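Before any comments, here is the structure.
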Amino acid sequence: MAVFERLTRLKSTSRFLRYTTSLCPAHPCTATARIQQRRVHGGGSETPSAAPPRRPFSQVTPADLDFFTRLLPGRTITDPDVLESSNVDWLKSVKGSSEVLLRPKTTEEVSQILRYCNEWNLAVSPQGGNTGLVGGSVPVFDEIILSTALMNQVLTFDSISGILTCQAGCVLENLSQYLEERDFIMPLDLGAKGSCHIGGNVSTNAGGLRLLRYGSLRGTVLGLEVVLADGRVLDCLSTLRKDNTGYDLKQLFIGSEGTLGVVTAVSILCPRKPKSVNVAFLGCSSFENLLETFQICRGMLGEILSAFEFLDASCMSLLEEHLKLTNPITESPFYIVIETAGSTPAHDEEKLHNFLDTVMASALVIDGTVATEETKIKALWSMRERVTEALRHDGYTYKYDVSLPVEKIYDLVTDMRKRLGYRAKSVVGYGHVGDGNLHLNITSPMKDPALLAAIEPYVYEWTSGCQGSVSAEHGLGLKKRNYIYYSKSPEAVTLMGDIKAMLDPKGILNPYKTLPDSVR
C-alpha cells in the first residue's frame, strides 16, 4: 500500500443522523426513576464538585519535617517554587496548598512515610505524573504530596511470557520504548504517555487508545505491590497468568485512585510488537454512517483491528486554529482514526483495502487517507491525540468522560449544544467508539459558574438516563465524587465506604476524593 495513500473521493448520499432533544428517548421512564433515586449528595459543599471543609488532620510540624528529612535526605522538598507545579493539576482547575513534597525511591521508604503519617494523623496525596483530569492527583488543602517520580526502575522482564514488572513511577512512554527494543509493546497507549506514570494509570484504571484490542488494565495487570495506610506492604506482585486462590485483592486498588493504598510496583502482561501497522483517517457525513462503518470494520478487519477513534468537525477546527495542524482530507462532519496491527503486512493491507473499498463504495465514508510509515502514522494520530491540547488554548474547559450505549454517544453532544447555546464557546465530542467512551468538552472564555450550573448535573442525569457511567476512564477524583450515585447504587457506595474505613480508618489517603462527602 502506498505510504499516506489518498483514497478516491466519492460523493456521499448518506442521510444525517436525526438528533433528539429528549433526555434519552429510548428510556424516558427509566431515566426519570434513576434520576429521582440517585440525586447528588454534596455534603454541604458549595457545589457538588467543590472542595468540602477540611477534615481534622494534623498540620506538618518542624518535628515532622525533621523525620522526613532524615528518612529522605535531599528528597524532602519544601521550596514553594518547586511545590507550585505539584500543587496544581494539569488543567489548572484545582490547586492545593501543600508545603511538603516527598520523593521516595523504594517501597520501604513509602512504608515508613505512611506508617508515620498514619500515626500522627497527617493526610497524604499520592501523585504520579499529575496528568489527571478530575482533581484526583493534587492536594485539596495541605496534604503531604507523596510523589512516585523517583520510583522509576524496571525490575524484571520475561521475554518468553511478555510479563513486565516495574516500579510505579515509570513513565508510560519510557516503558513503551523499553519494550519496543525487545519486540514487545505496552497494552495501553495514552495521549499523556510522555508524562503519566504506570502506577497512576493503574490507580485510575486508565483506558486509552488500545483498549479495543487489548482490554482494560483489570485484565492485563497480573500483580501489584501496594503500601497500605498504616505502612503495611501488601505483596500481590504475581507474574502468573492464572491464580485462583482466594480473593483477587489487586482489583481493589485498580481504579481506587490512591484512596485505599499507594501502588509501588506493577506486573503487567505485554503483547508482542506487531510487524505491520496501518492507520486510516476517514471522513463521514453523519454519526449514523460512522456507526455503520464501525460495524463493518469489526467484521472485515477482525483480529487486526487495534483502535477505532472519532472526533467531530468542531475538534478539527480547534486543531487547525490553535495548533495549526492541517486536515489531511476533505472537511467532514465526523472523522475516524482506525489502526490495524498484525504480523503479515500483505495480509493486513489486503484486509484494509477490502474494507476501505466497501465503505467508500457504499458512501459511508466520503474521503480518507492511509499511512504505513511511522512518521505519517504519528501525524494522523496527532489529529486525535492533540485535541485535549487544542482545547486548553480555547479557554476554560469543562471536561466530561462518560460511557454510553454506542448508538447514543453523540446525542449527548448535540443535546448539550442545544441546551447551552451561545453561553458556551465550544462544545465538542471525541472518544473511543469501540468501548462507548465519549469525551465531551465545553469551553468558555473564563471560569463561569452559571455555565457550570447549566451543565451539571444535567450531563450526569442524561448519562444515567441512558444507563451510562459518569466516569469511563478518568476516575471520580475531587470533581466527580458526589456524582457517584448516578452510576452506582447506594448499597454499592456504602460497601465502598466500608472498605475504605477498613483499609484506611483515619482516612489519610487521598482524602476528599472518589467517595461522596456523605455516604448513605
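Ordering of the C-alpha cells sets the chain letters (A, B, ...); residue numbers start at 1 within each chain; ligands are numbered from 1 in the order shown.
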
As a PyMOL selection string, please: all residues of stretch 437-511 of chain A that backbone DSSP puts in strand (DSSP E). chain A and resi 437-444

Do a neighbour search on A:Phe68 at 9 Å with only C-alpha atoms, toss out local chain neighbours closer than 5 positions, and write the hits as JSON, numbers by chain. {"A": [63, 73, 75, 76, 102, 113]}

Taking the backbone alone, and naming residues the way the document does, which bits of stretch 41-267 of chain A are helix (DSSP H, G or I) by DSSP, as a ChimeraX atom specification? /A:62-71,80-87,107-119,172-180,198-204,211-214,217-220,250-253

Contacts of A:Val519 at 12 Å (only C-alpha atoms; same-chain gap of 2+ positions) as a list in words: Val40, His41, Gly42, Gly43, Arg481, Asn482, Tyr483, Ile484, Tyr485, Lys488, Ser489, Pro490, Glu491, Ala492, Val493, Thr494, Leu495, Met496, Gly497, Asp498, Lys500, Ala501, Thr514, Leu515, Pro516 and Asp517 of chain A

If you keep C-alpha atoms, can you produce a file of those selected residues as a tab-separated table (two decimals), in the first residue's frame?
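Contents of selection_8.tsv, as written:
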```
chain	number	residue	atom	x	y	z
A	40	VAL	CA	-26.34	14.25	44.20
A	41	HIS	CA	-25.14	14.27	47.79
A	42	GLY	CA	-22.91	17.32	48.15
A	43	GLY	CA	-22.48	17.06	51.91
A	481	ARG	CA	-17.03	12.29	43.81
A	482	ASN	CA	-20.53	13.48	44.69
A	483	TYR	CA	-21.95	12.31	41.36
A	484	ILE	CA	-21.17	8.65	42.02
A	485	TYR	CA	-24.83	7.86	42.79
A	488	LYS	CA	-23.68	3.25	41.48
A	489	SER	CA	-26.43	2.14	43.86
A	490	PRO	CA	-26.47	3.36	47.48
A	491	GLU	CA	-25.70	-0.21	48.59
A	492	ALA	CA	-22.58	-0.32	46.39
A	493	VAL	CA	-21.34	3.08	47.59
A	494	THR	CA	-21.93	2.10	51.23
A	495	LEU	CA	-19.85	-1.04	50.72
A	496	MET	CA	-17.09	1.08	49.17
A	497	GLY	CA	-17.19	3.27	52.25
A	498	ASP	CA	-16.89	0.20	54.47
A	500	LYS	CA	-12.24	2.45	52.81
A	501	ALA	CA	-12.89	2.52	56.57
A	514	THR	CA	-13.57	9.25	44.86
A	515	LEU	CA	-16.21	8.69	47.56
A	516	PRO	CA	-19.01	11.22	48.16
A	517	ASP	CA	-18.91	13.63	51.09
```

Would you kindly return, as a ChimeraX atom specification, each protein, DNA or RNA residue with an atom no farther than 8 Å from any atom of A:Lys506, considering only C-alpha atoms and excluding same-chain residues fewer than 2 positions away? /A:118,121,501,504,508

So, counting only C-alpha atoms, which residue among A:Val262, A:Leu269, A:Ala363, A:Leu122 is closest to A:Met186? A:Leu269

From atom CA of A:Phe184 to atom CA of A:Leu311 the spacing works out at 28.9 Å

Residues near stretch 153-163 of chain A, cut-off 9 Å, only C-alpha atoms, skip fewer than 4 positions along chain, as a list in words: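 So the residues in contact are Gln167, Ala168, Gly169, Cys170, Leu175, Tyr178, Leu179, Arg182, Asp183, Phe184, Leu222, Thr239, Leu240, Ala265, Ser267, Ile268, Leu269, Cys270, Pro271 and Arg272 of chain A.
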
Can you write just those residues out, all heavy atoms, as a short mmCIF file (atom, residue, chain, number, x, y, z; two decimals), in the first residue's frame?
```cif
data_model
loop_
_atom_site.label_atom_id
_atom_site.label_comp_id
_atom_site.auth_asym_id
_atom_site.auth_seq_id
_atom_site.Cartn_x
_atom_site.Cartn_y
_atom_site.Cartn_z
N GLN A 167 8.59 -0.49 38.86
CA GLN A 167 8.12 0.39 39.90
C GLN A 167 7.00 1.30 39.36
O GLN A 167 6.89 1.53 38.16
CB GLN A 167 9.26 1.22 40.45
CG GLN A 167 10.26 0.45 41.29
CD GLN A 167 11.32 1.36 41.89
OE1 GLN A 167 12.08 2.01 41.16
NE2 GLN A 167 11.38 1.43 43.22
N ALA A 168 6.24 1.85 40.29
CA ALA A 168 5.04 2.59 39.90
C ALA A 168 5.33 3.91 39.21
O ALA A 168 4.48 4.44 38.49
CB ALA A 168 4.18 2.85 41.14
N GLY A 169 6.53 4.47 39.41
CA GLY A 169 6.84 5.77 38.85
C GLY A 169 7.40 5.73 37.44
O GLY A 169 7.77 6.79 36.91
N CYS A 170 7.43 4.58 36.80
CA CYS A 170 7.91 4.50 35.42
C CYS A 170 6.95 5.24 34.49
O CYS A 170 5.74 5.01 34.54
CB CYS A 170 8.05 3.04 34.99
SG CYS A 170 9.38 2.14 35.80
N LEU A 175 8.45 3.07 29.31
CA LEU A 175 8.19 1.63 29.30
C LEU A 175 7.94 1.14 27.88
O LEU A 175 8.40 0.06 27.49
CB LEU A 175 6.99 1.30 30.19
CG LEU A 175 7.17 1.48 31.69
CD1 LEU A 175 5.88 1.15 32.42
CD2 LEU A 175 8.30 0.59 32.22
N TYR A 178 11.27 0.88 26.16
CA TYR A 178 11.99 -0.28 26.70
C TYR A 178 11.49 -1.56 26.06
O TYR A 178 12.28 -2.43 25.66
CB TYR A 178 11.80 -0.32 28.22
CG TYR A 178 12.38 -1.53 28.91
CD1 TYR A 178 13.68 -1.54 29.38
CD2 TYR A 178 11.60 -2.68 29.10
CE1 TYR A 178 14.21 -2.66 30.02
CE2 TYR A 178 12.11 -3.80 29.72
CZ TYR A 178 13.42 -3.79 30.18
OH TYR A 178 13.93 -4.91 30.81
N LEU A 179 10.19 -1.69 25.97
CA LEU A 179 9.59 -2.91 25.42
C LEU A 179 9.79 -3.03 23.91
O LEU A 179 10.05 -4.14 23.40
CB LEU A 179 8.10 -2.97 25.76
CG LEU A 179 7.78 -3.25 27.23
CD1 LEU A 179 6.31 -2.98 27.51
CD2 LEU A 179 8.13 -4.68 27.61
N ARG A 182 12.70 -4.67 22.73
CA ARG A 182 12.68 -6.11 22.96
C ARG A 182 11.55 -6.78 22.19
O ARG A 182 11.16 -7.91 22.47
CB ARG A 182 12.55 -6.38 24.47
CG ARG A 182 13.81 -5.98 25.23
CD ARG A 182 13.55 -5.69 26.69
NE ARG A 182 14.79 -5.35 27.39
CZ ARG A 182 15.37 -4.15 27.33
NH1 ARG A 182 14.82 -3.18 26.63
NH2 ARG A 182 16.51 -3.93 27.98
N ASP A 183 10.98 -6.05 21.22
CA ASP A 183 9.96 -6.57 20.32
C ASP A 183 8.62 -6.80 21.01
O ASP A 183 7.85 -7.69 20.63
CB ASP A 183 10.42 -7.88 19.65
CG ASP A 183 9.82 -8.06 18.27
OD1 ASP A 183 9.48 -7.05 17.64
OD2 ASP A 183 9.66 -9.22 17.84
N PHE A 184 8.32 -5.98 22.03
CA PHE A 184 7.03 -6.02 22.71
C PHE A 184 6.48 -4.60 22.80
O PHE A 184 7.17 -3.62 22.49
CB PHE A 184 7.17 -6.60 24.13
CG PHE A 184 7.34 -8.10 24.16
CD1 PHE A 184 8.58 -8.68 23.90
CD2 PHE A 184 6.26 -8.93 24.46
CE1 PHE A 184 8.74 -10.06 23.94
CE2 PHE A 184 6.42 -10.30 24.50
CZ PHE A 184 7.66 -10.87 24.24
N LEU A 222 -1.29 -8.20 36.16
CA LEU A 222 -1.25 -9.52 36.80
C LEU A 222 -1.00 -9.42 38.30
O LEU A 222 -1.41 -10.29 39.06
CB LEU A 222 -0.17 -10.38 36.16
CG LEU A 222 -0.31 -10.64 34.65
CD1 LEU A 222 0.84 -11.51 34.18
CD2 LEU A 222 -1.64 -11.27 34.32
N THR A 239 3.30 -12.83 38.94
CA THR A 239 3.55 -12.83 37.50
C THR A 239 2.90 -14.05 36.85
O THR A 239 3.31 -14.48 35.77
CB THR A 239 5.06 -12.82 37.21
OG1 THR A 239 5.67 -13.95 37.85
CG2 THR A 239 5.71 -11.55 37.71
N LEU A 240 1.89 -14.59 37.52
CA LEU A 240 1.19 -15.75 36.99
C LEU A 240 -0.02 -15.32 36.17
O LEU A 240 -0.75 -14.42 36.56
CB LEU A 240 0.73 -16.66 38.13
CG LEU A 240 1.82 -17.26 39.02
CD1 LEU A 240 1.18 -18.00 40.18
CD2 LEU A 240 2.71 -18.18 38.21
N ALA A 265 4.53 -0.97 42.86
CA ALA A 265 5.08 -1.79 41.78
C ALA A 265 3.95 -2.50 41.06
O ALA A 265 2.89 -2.78 41.64
CB ALA A 265 6.10 -2.79 42.32
N SER A 267 3.07 -5.59 37.91
CA SER A 267 3.44 -6.59 36.90
C SER A 267 2.32 -6.62 35.87
O SER A 267 1.13 -6.68 36.23
CB SER A 267 3.67 -7.96 37.52
OG SER A 267 2.50 -8.47 38.13
N ILE A 268 2.69 -6.55 34.60
CA ILE A 268 1.70 -6.38 33.55
C ILE A 268 2.05 -7.25 32.35
O ILE A 268 3.23 -7.41 32.00
CB ILE A 268 1.60 -4.88 33.16
CG1 ILE A 268 0.45 -4.64 32.20
CG2 ILE A 268 2.91 -4.35 32.62
CD1 ILE A 268 0.10 -3.17 32.04
N LEU A 269 1.04 -7.81 31.73
CA LEU A 269 1.22 -8.67 30.56
C LEU A 269 1.30 -7.81 29.31
O LEU A 269 0.39 -7.02 29.03
CB LEU A 269 0.05 -9.64 30.46
CG LEU A 269 0.09 -10.64 29.29
CD1 LEU A 269 1.27 -11.59 29.44
CD2 LEU A 269 -1.22 -11.42 29.23
N CYS A 270 2.38 -7.96 28.55
CA CYS A 270 2.62 -7.12 27.38
C CYS A 270 2.56 -7.95 26.09
O CYS A 270 3.18 -9.01 26.00
CB CYS A 270 3.99 -6.45 27.49
SG CYS A 270 4.18 -5.48 29.01
N PRO A 271 1.84 -7.46 25.08
CA PRO A 271 1.76 -8.19 23.81
C PRO A 271 3.01 -7.99 22.96
O PRO A 271 3.79 -7.04 23.17
CB PRO A 271 0.53 -7.58 23.13
CG PRO A 271 0.38 -6.23 23.74
CD PRO A 271 0.95 -6.30 25.12
N ARG A 272 3.20 -8.88 22.00
CA ARG A 272 4.31 -8.74 21.06
C ARG A 272 4.09 -7.53 20.16
O ARG A 272 2.97 -7.14 19.85
CB ARG A 272 4.43 -9.99 20.19
CG ARG A 272 4.93 -11.23 20.92
CD ARG A 272 6.33 -11.03 21.46
NE ARG A 272 7.33 -10.82 20.44
CZ ARG A 272 8.08 -11.78 19.93
NH1 ARG A 272 7.95 -13.04 20.34
NH2 ARG A 272 8.98 -11.51 19.01
#
```

Expressed in Å to a single decimal, how great is the separation between atom CA of A:Ile198 and atom CA of A:Leu146? 15.4 Å

Nearest residue to A:Ser286 from the set A:Val134, A:Glu461, A:Phe310, A:Arg218 (distances using only C-alpha atoms): A:Phe310

Ranking A:Arg384, A:Lys242, A:Arg423, A:Lys513 by minimum distance to A:Gly208 and counting only C-alpha atoms, which one comes first?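 When distances to A:Gly208 are compared using only C-alpha atoms, the smallest one comes from A:Arg384.
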
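Across A:Tyr247, A:Trp120, A:Tyr396, A:Phe294, the tightest approach to A:Lys92 is made by A:Tyr396 when counting only C-alpha atoms.
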
Tell me, as a PyMOL selection string, which residues lie within 6 Å of A:Glu339, counting only C-alpha atoms; anything in the same chain fewer than 4 positions away does not count. chain A and resi 278-279+306-307

Which residue is closest to A:Glu374? Choose from A:Met300, A:Val266, A:Val277, A:Val221 and count only C-alpha atoms. A:Val277

Residue contacts of A:Phe308 (6 Å, only C-alpha atoms) excluding same-chain residues fewer than 2 positions away, as a list in words: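 Once the nearby chain positions are removed, what remains is Val337, Ile338 and Gly434 of chain A.
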
Would you write out those residues with C-alpha atoms, as a short mmCIF file (atom, residue, chain, number, x, y, z; two decimals), in the first residue's frame?
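The resulting file, result34.cif, is shown below:
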```cif
data_model
loop_
_atom_site.label_atom_id
_atom_site.label_comp_id
_atom_site.auth_asym_id
_atom_site.auth_seq_id
_atom_site.Cartn_x
_atom_site.Cartn_y
_atom_site.Cartn_z
CA VAL A 337 -8.94 7.10 13.13
CA ILE A 338 -8.59 3.37 12.52
CA GLY A 434 -15.11 0.72 20.31
#
```
